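Visitor: Quick one, target.cif (mmCIF, C-alpha atoms):
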```cif
data_run
loop_
_atom_site.label_atom_id
_atom_site.label_comp_id
_atom_site.auth_asym_id
_atom_site.auth_seq_id
_atom_site.Cartn_x
_atom_site.Cartn_y
_atom_site.Cartn_z
CA MET A 11 0.00 0.00 0.00
CA LYS A 12 0.94 3.66 -0.32
CA ILE A 13 0.83 5.35 3.09
CA PHE A 14 1.49 8.94 4.20
CA VAL A 15 3.16 9.56 7.58
CA TYR A 16 3.11 13.10 9.04
CA GLY A 17 6.01 14.34 11.18
CA GLY A 18 8.32 11.79 9.56
CA ALA A 19 11.49 12.89 11.40
CA GLY A 20 9.91 12.51 14.88
CA GLN A 21 10.39 9.62 17.28
CA ILE A 22 7.03 7.87 16.76
CA SER A 23 6.67 8.59 13.04
CA SER A 24 10.21 7.47 12.15
CA SER A 25 9.52 4.15 13.89
CA VAL A 26 6.17 3.83 12.04
CA ILE A 27 7.98 4.50 8.73
CA SER A 28 10.62 1.87 9.48
CA LYS A 29 8.00 -0.77 10.36
CA LEU A 30 5.91 -0.01 7.23
CA LEU A 31 8.97 -0.22 4.95
CA ASP A 32 9.93 -3.56 6.56
CA LEU A 33 6.45 -4.84 5.68
CA GLY A 34 6.94 -3.81 2.04
CA HIS A 35 4.69 -0.73 1.92
CA GLU A 36 5.50 2.47 0.02
CA VAL A 37 5.77 5.46 2.37
CA TYR A 38 5.44 9.20 1.75
CA ALA A 39 6.91 10.93 4.81
CA GLY A 40 6.05 14.54 5.65
CA THR A 41 8.75 16.81 7.08
CA ARG A 42 9.67 20.50 6.97
CA LYS A 43 13.05 19.62 5.35
CA PRO A 44 12.41 16.83 2.83
CA GLU A 45 15.84 17.34 1.27
CA THR A 46 17.56 16.12 4.46
CA GLY A 47 15.50 12.91 4.81
CA LYS A 48 17.29 9.58 4.86
CA LYS A 49 17.24 7.93 1.40
CA LEU A 50 15.69 4.47 1.58
CA PRO A 51 13.97 2.23 -1.00
CA GLY A 52 10.19 2.75 -0.94
CA LEU A 53 10.47 6.07 0.97
CA THR A 54 9.64 9.48 -0.53
CA TRP A 55 10.09 12.62 1.59
CA VAL A 56 7.54 15.41 1.02
CA PHE A 57 6.98 18.86 2.54
CA ALA A 58 4.74 19.17 5.61
CA ASP A 59 5.16 21.89 8.22
CA ALA A 60 3.00 22.82 11.21
CA THR A 61 3.55 26.53 10.48
CA GLN A 62 2.20 26.14 6.90
CA PRO A 63 -0.71 23.74 7.44
CA THR A 64 -2.20 23.93 3.94
CA LYS A 65 1.08 23.34 2.07
CA GLY A 66 1.80 19.83 0.81
CA ILE A 67 -1.68 18.40 1.47
CA GLU A 68 -2.02 17.28 -2.18
CA VAL A 69 0.18 14.26 -1.33
CA LEU A 70 -3.01 12.70 0.11
CA GLU A 71 -4.22 12.21 -3.50
CA LYS A 72 -1.35 9.73 -4.03
CA VAL A 73 -1.89 7.48 -1.00
CA GLU A 74 -4.47 5.06 0.36
CA ARG A 75 -3.91 5.55 4.10
CA ALA A 76 -2.38 8.18 6.38
CA PHE A 77 -1.04 8.65 9.91
CA PHE A 78 -1.12 12.01 11.72
CA ILE A 79 0.58 13.10 14.92
CA SER A 80 0.54 16.61 16.36
CA PRO A 81 4.07 18.04 16.51
CA PRO A 82 5.24 18.84 20.07
CA GLY A 83 5.23 22.48 21.07
CA TYR A 84 1.92 23.37 19.35
CA THR A 85 -1.16 23.71 21.55
CA ASP A 86 -3.54 24.44 18.65
CA GLN A 87 -3.43 20.97 17.15
CA TYR A 88 -6.70 21.69 15.32
CA SER A 89 -5.22 24.49 13.18
CA VAL A 90 -2.12 22.40 12.41
CA LEU A 91 -3.88 19.22 11.24
CA ASN A 92 -7.48 19.98 10.31
CA PRO A 93 -6.55 21.26 6.79
CA TRP A 94 -5.16 17.76 6.16
CA PHE A 95 -8.44 16.18 7.34
CA GLU A 96 -10.40 18.51 5.06
CA LYS A 97 -8.22 17.32 2.18
CA ALA A 98 -8.67 13.69 3.26
CA LYS A 99 -12.44 14.03 2.77
CA THR A 100 -11.96 14.71 -0.96
CA SER A 101 -9.05 12.31 -1.53
CA SER A 102 -10.91 8.99 -1.09
CA LEU A 103 -8.53 7.82 1.63
CA LYS A 104 -9.32 4.35 2.94
CA LYS A 105 -8.05 5.08 6.46
CA VAL A 106 -6.70 7.83 8.72
CA VAL A 107 -5.02 7.08 12.04
CA LEU A 108 -4.61 10.01 14.44
CA MET A 109 -2.46 9.88 17.56
CA SER A 110 -3.74 12.24 20.25
CA ALA A 111 -3.23 11.66 23.99
CA MET A 112 -4.77 9.81 26.92
CA GLY A 113 -7.74 11.73 28.31
CA VAL A 114 -8.43 13.90 25.24
CA ASP A 115 -11.81 12.18 24.87
CA PHE A 116 -12.80 13.78 28.22
CA ALA A 117 -11.72 17.30 27.18
CA PRO A 118 -14.41 19.89 26.27
CA PRO A 119 -15.32 19.90 22.56
CA GLU A 120 -13.74 23.34 22.05
CA ALA A 121 -10.31 22.16 23.34
CA PRO A 122 -8.09 22.05 20.21
CA PHE A 123 -7.11 18.38 20.47
CA ARG A 124 -10.68 17.21 21.12
CA LYS A 125 -11.96 19.52 18.38
CA LEU A 126 -9.49 17.83 16.01
CA GLU A 127 -10.67 14.35 17.05
CA ILE A 128 -14.31 15.37 16.51
CA SER A 129 -13.45 16.76 13.07
CA LEU A 130 -11.97 13.37 12.11
CA GLU A 131 -14.87 11.44 13.67
CA ASN A 132 -17.32 13.49 11.59
CA SER A 133 -15.27 13.49 8.36
CA GLY A 134 -16.77 10.38 6.82
CA VAL A 135 -13.23 8.99 6.35
CA PRO A 136 -12.61 5.61 8.05
CA TYR A 137 -10.46 6.34 11.12
CA THR A 138 -8.85 5.09 14.31
CA ILE A 139 -7.77 7.46 17.10
CA LEU A 140 -4.97 6.24 19.40
CA ARG A 141 -4.52 7.98 22.76
CA PRO A 142 -1.25 6.95 24.44
CA ASN A 143 -0.30 7.68 28.03
CA TRP A 144 2.94 9.50 29.00
CA PHE A 145 5.98 8.05 27.19
CA MET A 146 8.78 6.17 28.97
CA GLN A 147 11.12 7.98 26.56
CA ASN A 148 10.33 11.31 28.27
CA PHE A 149 13.01 10.30 30.77
CA GLN A 150 15.65 10.41 28.03
CA THR A 151 14.31 13.58 26.36
CA TYR A 152 12.31 16.12 28.41
CA TRP A 153 13.64 15.12 31.84
CA LEU A 154 17.13 14.05 30.70
CA SER A 155 19.03 17.24 31.58
CA GLY A 156 17.78 17.11 35.21
CA ILE A 157 18.86 13.48 35.53
CA LEU A 158 22.30 14.17 34.02
CA LYS A 159 22.91 17.43 35.89
CA ASP A 160 21.32 16.89 39.32
CA LYS A 161 20.51 13.13 39.35
CA LYS A 162 16.91 14.24 39.86
CA ILE A 163 13.57 13.79 38.13
CA SER A 164 11.84 17.10 38.89
CA PHE A 165 8.11 16.91 38.18
CA PRO A 166 4.87 17.96 39.95
CA ALA A 167 3.31 14.48 40.18
CA GLY A 168 3.03 13.88 43.92
CA ASN A 169 2.88 10.12 44.45
CA ALA A 170 0.39 9.49 41.64
CA LYS A 171 0.99 6.41 39.52
CA THR A 172 1.32 6.50 35.72
CA SER A 173 1.09 3.56 33.31
CA PHE A 174 3.99 4.83 31.17
CA ILE A 175 4.15 3.41 27.62
CA HIS A 176 7.17 2.63 25.43
CA THR A 177 7.20 4.50 22.10
CA ASP A 178 7.82 1.23 20.25
CA ASP A 179 4.50 -0.09 21.57
CA ILE A 180 2.85 3.09 20.28
CA SER A 181 4.39 2.80 16.80
CA SER A 182 3.48 -0.92 16.61
CA SER A 183 -0.11 0.01 17.53
CA VAL A 184 -0.15 2.73 14.85
CA VAL A 185 1.01 0.28 12.16
CA SER A 186 -1.60 -2.29 13.25
CA ALA A 187 -4.36 0.34 13.20
CA LEU A 188 -3.25 1.61 9.76
CA LEU A 189 -3.30 -1.83 8.18
CA ASN A 190 -6.18 -3.46 10.05
CA ASP A 191 -9.73 -2.23 9.53
CA GLN A 192 -11.17 -4.03 12.57
CA PHE A 193 -10.26 -0.94 14.62
CA ASN A 194 -12.13 1.50 12.36
CA GLY A 195 -14.34 4.03 14.11
CA LYS A 196 -12.67 3.50 17.48
CA GLY A 197 -10.81 5.72 19.93
CA ILE A 198 -8.34 3.54 21.83
CA THR A 199 -6.32 4.51 24.91
CA LEU A 200 -2.85 2.92 25.06
CA THR A 201 -1.00 2.24 28.32
CA GLY A 202 1.95 0.27 29.59
CA LYS A 203 1.61 -2.94 31.60
CA GLU A 204 2.27 -1.40 35.05
CA ALA A 205 1.59 1.87 36.86
CA LEU A 206 4.54 3.51 38.62
CA THR A 207 5.09 6.61 40.71
CA HIS A 208 7.92 8.94 39.65
CA GLU A 209 9.75 7.78 42.78
CA GLU A 210 9.55 4.18 41.56
CA VAL A 211 10.80 5.33 38.14
CA ALA A 212 13.81 6.99 39.83
CA GLU A 213 14.48 3.72 41.72
CA LYS A 214 14.37 1.68 38.49
CA ILE A 215 16.69 4.06 36.63
CA SER A 216 19.03 3.92 39.64
CA LYS A 217 18.95 0.11 39.67
CA HIS A 218 19.80 -0.23 35.98
CA THR A 219 22.47 2.48 35.85
CA GLY A 220 24.11 2.22 39.28
CA LEU A 221 23.46 5.96 39.72
CA LYS A 222 21.58 7.43 42.68
CA VAL A 223 18.65 9.13 40.91
CA SER A 224 15.93 10.64 43.09
CA TYR A 225 12.53 12.23 42.51
CA ALA A 226 11.76 15.85 43.43
CA ASP A 227 8.04 16.66 43.67
CA ILE A 228 8.21 20.30 42.57
CA SER A 229 5.41 22.86 42.43
CA PRO A 230 3.52 23.47 39.16
CA GLU A 231 5.00 27.00 39.17
CA ALA A 232 8.58 25.69 39.38
CA PHE A 233 7.78 23.16 36.64
CA LYS A 234 6.48 25.90 34.35
CA ALA A 235 9.47 28.15 35.09
CA GLY A 236 11.81 25.30 34.11
CA LEU A 237 9.95 24.72 30.85
CA LEU A 238 10.08 28.42 29.95
CA GLN A 239 13.79 28.49 30.76
CA ALA A 240 14.29 25.56 28.39
CA GLY A 241 12.69 27.58 25.59
CA VAL A 242 9.20 26.03 25.63
CA PRO A 243 6.55 28.53 24.38
CA GLU A 244 4.33 30.05 27.10
CA ASP A 245 1.07 28.45 25.86
CA TYR A 246 2.67 25.01 25.56
CA ALA A 247 4.26 25.33 29.02
CA SER A 248 0.79 26.09 30.46
CA PHE A 249 -0.61 23.06 28.60
CA MET A 250 2.15 20.84 30.09
CA VAL A 251 1.33 22.14 33.59
CA PHE A 252 -2.35 21.34 32.98
CA ILE A 253 -1.72 17.74 31.88
CA ALA A 254 0.79 17.24 34.71
CA GLY A 255 -2.04 18.27 37.07
CA ALA A 256 -4.30 15.61 35.54
CA LEU A 257 -1.55 13.04 36.12
CA LYS A 258 -1.22 14.12 39.78
CA GLU A 259 -4.99 13.64 40.21
CA GLY A 260 -4.60 9.99 39.14
CA HIS A 261 -5.98 10.21 35.60
CA SER A 262 -2.86 8.53 34.12
CA SER A 263 -2.89 5.48 36.39
CA PRO A 264 -5.27 3.04 34.60
CA ILE A 265 -3.69 -0.06 33.05
CA LEU A 266 -5.38 -1.32 29.89
CA ASN A 267 -4.81 -4.40 27.72
CA THR A 268 -5.15 -2.44 24.47
CA VAL A 269 -1.55 -2.78 23.20
CA ARG A 270 -1.90 -6.58 23.29
CA GLU A 271 -5.36 -6.38 21.66
CA ILE A 272 -4.03 -4.26 18.78
CA THR A 273 -0.54 -5.71 18.27
CA GLY A 274 -0.76 -9.23 19.71
CA LYS A 275 2.24 -8.46 21.96
CA ASP A 276 2.51 -7.53 25.63
CA PRO A 277 3.75 -3.97 26.26
CA ILE A 278 7.43 -3.43 27.10
CA SER A 279 8.02 -3.05 30.85
CA PHE A 280 9.80 -0.07 32.41
CA ASP A 281 12.62 -2.38 33.55
CA GLU A 282 13.16 -3.53 29.95
CA TYR A 283 13.14 0.10 28.79
CA ALA A 284 15.61 1.21 31.49
CA GLU A 285 17.99 -1.65 30.69
CA GLN A 286 17.83 -0.91 26.92
CA ASN A 287 18.55 2.78 27.44
CA LYS A 288 20.84 2.94 30.48
CA LYS A 289 23.73 4.41 28.43
CA VAL A 290 21.65 7.57 27.89
CA TRP A 291 21.79 8.39 31.62
CA LEU A 292 25.44 7.41 32.00
CA ASN A 293 26.75 10.20 29.72
#
```
How does the structure come out when it is put into structure tokens?
Guide:
Amino acid sequence: MKIFVYGGAGQISSSVISKLLDLGHEVYAGTRKPETGKKLPGLTWVFADATQPTKGIEVLEKVERAFFISPPGYTDQYSVLNPWFEKAKTSSLKKVVLMSAMGVDFAPPEAPFRKLEISLENSGVPYTILRPNWFMQNFQTYWLSGILKDKKISFPAGNAKTSFIHTDDISSSVVSALLNDQFNGKGITLTGKEALTHEEVAEKISKHTGLKVSYADISPEAFKAGLLQAGVPEDYASFMVFIAGALKEGHSSPILNTVREITGKDPISFDEYAEQNKKVWLN
């Protein structure tokens, strides 16, 4: 099949692309710099940029199915991706998979992410919406500098548990949803196999690295200040504080069997993740 993947250079999308190519599909990958994309058989890089949401959408006329993910840093996901969904309506696509986030289905209809989901649900295009929980990989991206510099995970989570999910389980679920029509018309929340507090995460990273990593339960204000200092836009920093608050209230703790239902495999455990990635924290 010919399949379009938005945000092709990102962590989830690049894994989706790799899995689709391995299965013999032809992939059109959207990125703001198509000229720098890795050259691989069956892969065509095309222009797609969150700041120019109507540019490049004609690629949907060439493909049968498409995957969309909102680029990090943008709180108005609706403005970024809805032009693509409008185009999808007239391009006779057989399937669109959208990755949003756990809990978006409970957001008010005017919230940009929920508004985007509703737009897809009402588009008439066959769809699946996947809503993953917080990523395990956040500990080697967003929270990495704190672990390297201070041996601390600083986050306003209290002792709430979170069923963190490995990004490979997300990309495997995306590929399954793209290729398998039994999930059409569904919104599916994806979680890991266990729920952990941030203190337990710090203990697991410590165990696998030999470091002494601890957890600091900081205030939402300190969390936002740190995000702003790291160059995160004000509106996105506020959004991160909001979803961190939902985590602290326990909304990220449920454990679901959906990864196994979609992919046929059990989700990767945090211990497996920490062992695979320990070198990242030993820099």
Visitor: Evaluating the PyMOL selection byres ((chain A and resi 104) around 12) on the displayed file yields which residues, as a PDB file with C-alpha atoms, in the coordinates of the input?
Guide:
```
ATOM      1  CA  MET A  11       0.000   0.000   0.000  1.00  0.00           C
ATOM      2  CA  LYS A  12       0.940   3.660  -0.320  1.00  0.00           C
ATOM      3  CA  ILE A  13       0.830   5.350   3.090  1.00  0.00           C
ATOM      4  CA  PHE A  14       1.490   8.940   4.200  1.00  0.00           C
ATOM      5  CA  LEU A  70      -3.010  12.700   0.110  1.00  0.00           C
ATOM      6  CA  GLU A  71      -4.220  12.210  -3.500  1.00  0.00           C
ATOM      7  CA  LYS A  72      -1.350   9.730  -4.030  1.00  0.00           C
ATOM      8  CA  VAL A  73      -1.890   7.480  -1.000  1.00  0.00           C
ATOM      9  CA  GLU A  74      -4.470   5.060   0.360  1.00  0.00           C
ATOM     10  CA  ARG A  75      -3.910   5.550   4.100  1.00  0.00           C
ATOM     11  CA  ALA A  76      -2.380   8.180   6.380  1.00  0.00           C
ATOM     12  CA  PHE A  77      -1.040   8.650   9.910  1.00  0.00           C
ATOM     13  CA  ALA A  98      -8.670  13.690   3.260  1.00  0.00           C
ATOM     14  CA  LYS A  99     -12.440  14.030   2.770  1.00  0.00           C
ATOM     15  CA  THR A 100     -11.960  14.710  -0.960  1.00  0.00           C
ATOM     16  CA  SER A 101      -9.050  12.310  -1.530  1.00  0.00           C
ATOM     17  CA  SER A 102     -10.910   8.990  -1.090  1.00  0.00           C
ATOM     18  CA  LEU A 103      -8.530   7.820   1.630  1.00  0.00           C
ATOM     19  CA  LYS A 105      -8.050   5.080   6.460  1.00  0.00           C
ATOM     20  CA  VAL A 106      -6.700   7.830   8.720  1.00  0.00           C
ATOM     21  CA  VAL A 107      -5.020   7.080  12.040  1.00  0.00           C
ATOM     22  CA  GLY A 134     -16.770  10.380   6.820  1.00  0.00           C
ATOM     23  CA  VAL A 135     -13.230   8.990   6.350  1.00  0.00           C
ATOM     24  CA  PRO A 136     -12.610   5.610   8.050  1.00  0.00           C
ATOM     25  CA  TYR A 137     -10.460   6.340  11.120  1.00  0.00           C
ATOM     26  CA  THR A 138      -8.850   5.090  14.310  1.00  0.00           C
ATOM     27  CA  LEU A 188      -3.250   1.610   9.760  1.00  0.00           C
ATOM     28  CA  LEU A 189      -3.300  -1.830   8.180  1.00  0.00           C
ATOM     29  CA  ASN A 190      -6.180  -3.460  10.050  1.00  0.00           C
ATOM     30  CA  ASP A 191      -9.730  -2.230   9.530  1.00  0.00           C
ATOM     31  CA  ASN A 194     -12.130   1.500  12.360  1.00  0.00           C
TER      32      ASN A 194
END
```
Visitor: Which residues match the PyMOL selection byres ((chain A and resi 157) around 12) in the file above, as an MDAnalysis selection string?
Guide: chainID A and resid 148:156 158:165 211:212 215:216 219 221:226 288 290:293
Visitor: Which of these residues is nearest to Val251 of chain A, using all atoms listed in the file: A:Pro166, A:Gly17, A:Gly202, A:Gly197?
Guide: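 Selected residue with least distance to Val251 of chain A: A:Pro166.
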Visitor: Between atom CA of Gln239 of chain A and atom CA of Ile253 of chain A, what distance in Å does the model show, to one decimal?
Guide: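 Spanning atom CA of Gln239 of chain A to atom CA of Ile253 of chain A is a straight-line distance of 18.9 Å.
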Visitor: Could you list the residues chosen by the PyMOL selection byres ((chain A and resi 110-123) around 9) in this structure as a list in words?
Guide: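 With the PyMOL selection byres ((chain A and resi 110-123) around 9) on this model, the match is Phe78, Ile79, Ser80, Thr85, Asp86, Gln87, Tyr88, Ser89, Leu108, Met109, Arg124, Lys125, Leu126, Glu127, Ile128, Ile139, Leu140, Arg141, Pro142, Asn143, Trp144, Gly197, Ile198, Thr199, Leu200, Thr201, Ala256, His261 and Ser262 of chain A.
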Visitor: Which one is closest to His35 of chain A: A:Val185, A:Ile22, A:Ala284, A:Val69? Count only C-alpha atoms.
Guide: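 Residue with the minimum atom-to-atom distance to His35 of chain A: A:Val185.
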Visitor: If you count all atoms listed in the file, which residues fall within 6 Å of Ala60 of chain A, apart from same-chain ones fewer than 2 positions away, as a list in words?
Guide: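 In the requested form, the answer reads Gln62, Pro63 and Val90 of chain A.
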Visitor: May I ask for the distance between atom CA of Glu282 of chain A and atom CA of Ala205 of chain A, given in Å to one decimal place?
Guide: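 If I compute the distance from atom CA of Glu282 of chain A to atom CA of Ala205 of chain A, I get 14.5 Å.
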Visitor: Tell me, in Å to one decimal, how far atom CA of His176 of chain A is from atom CA of Lys203 of chain A.
Guide: 10.0 Å
Visitor: Would you pick out the contacts of Thr207 of chain A at 7 Å or less, using all atoms listed in the file, so that residues sharing its chain but fewer than 5 positions from it are not included, and give the list as number ranges by chain?
Guide: A: 169-172
Visitor: Write the residues of the preceding selection, restricted to C-alpha atoms, as an mmCIF file, keeping the file's coordinate frame.
Guide:
```
data_model
loop_
_atom_site.group_PDB
_atom_site.id
_atom_site.type_symbol
_atom_site.label_atom_id
_atom_site.label_comp_id
_atom_site.auth_asym_id
_atom_site.auth_seq_id
_atom_site.Cartn_x
_atom_site.Cartn_y
_atom_site.Cartn_z
ATOM 1 C CA ASN A 169 2.880 10.120 44.450
ATOM 2 C CA ALA A 170 0.390 9.490 41.640
ATOM 3 C CA LYS A 171 0.990 6.410 39.520
ATOM 4 C CA THR A 172 1.320 6.500 35.720
#
```
Visitor: Could you check which residues have any atom within 8 Å of (4.3, 17.9, 0.9), counting all atoms listed in the file with coordinates taken straight from the file, and then list them as a list in words?
Guide: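 Looking at atoms near the point gives Gly40, Thr41, Trp55, Val56, Phe57, Ala58, Lys65, Gly66, Ile67, Glu68 and Val69 of chain A.
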Visitor: Check the smallest atom-to-atom distance from each of A:Asn132, A:Gln286, A:Ser279, A:Asn92 to Asp179 of chain A using only C-alpha atoms, then report the winner.
Guide: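 Smallest separation from Asp179 of chain A among the options: A:Ser279.
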Visitor: Pick the closest to Ser133 of chain A from A:Phe145, A:Phe252, A:Phe174, A:Phe95: which is it, counting all atoms listed in the file?
Guide: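 Answer, going by the shortest atom-to-atom distance: A:Phe95.
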Visitor: Would you list the contacts of Ser183 of chain A as a ChimeraX atom specification, taking every protein, DNA or RNA residue within 8 Å and counting only C-alpha atoms, but skipping same-chain residues closer than 4 positions in sequence?
Guide: /A:179,187,269,272-273
Visitor: Could you tell me which of A:Asp276, A:Glu259, A:Glu45, A:Glu131 comes closest to Gly195 of chain A if we count only C-alpha atoms?
Guide: A:Glu131
Visitor: I'd like to know which of A:Lys275, A:Lys289, A:Lys217, A:Ala247 is closest to Tyr84 of chain A, using all atoms listed in the file.
Guide: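 Comparing A:Lys275, A:Lys289, A:Lys217, A:Ala247 against Tyr84 of chain A, the winner is A:Ala247.
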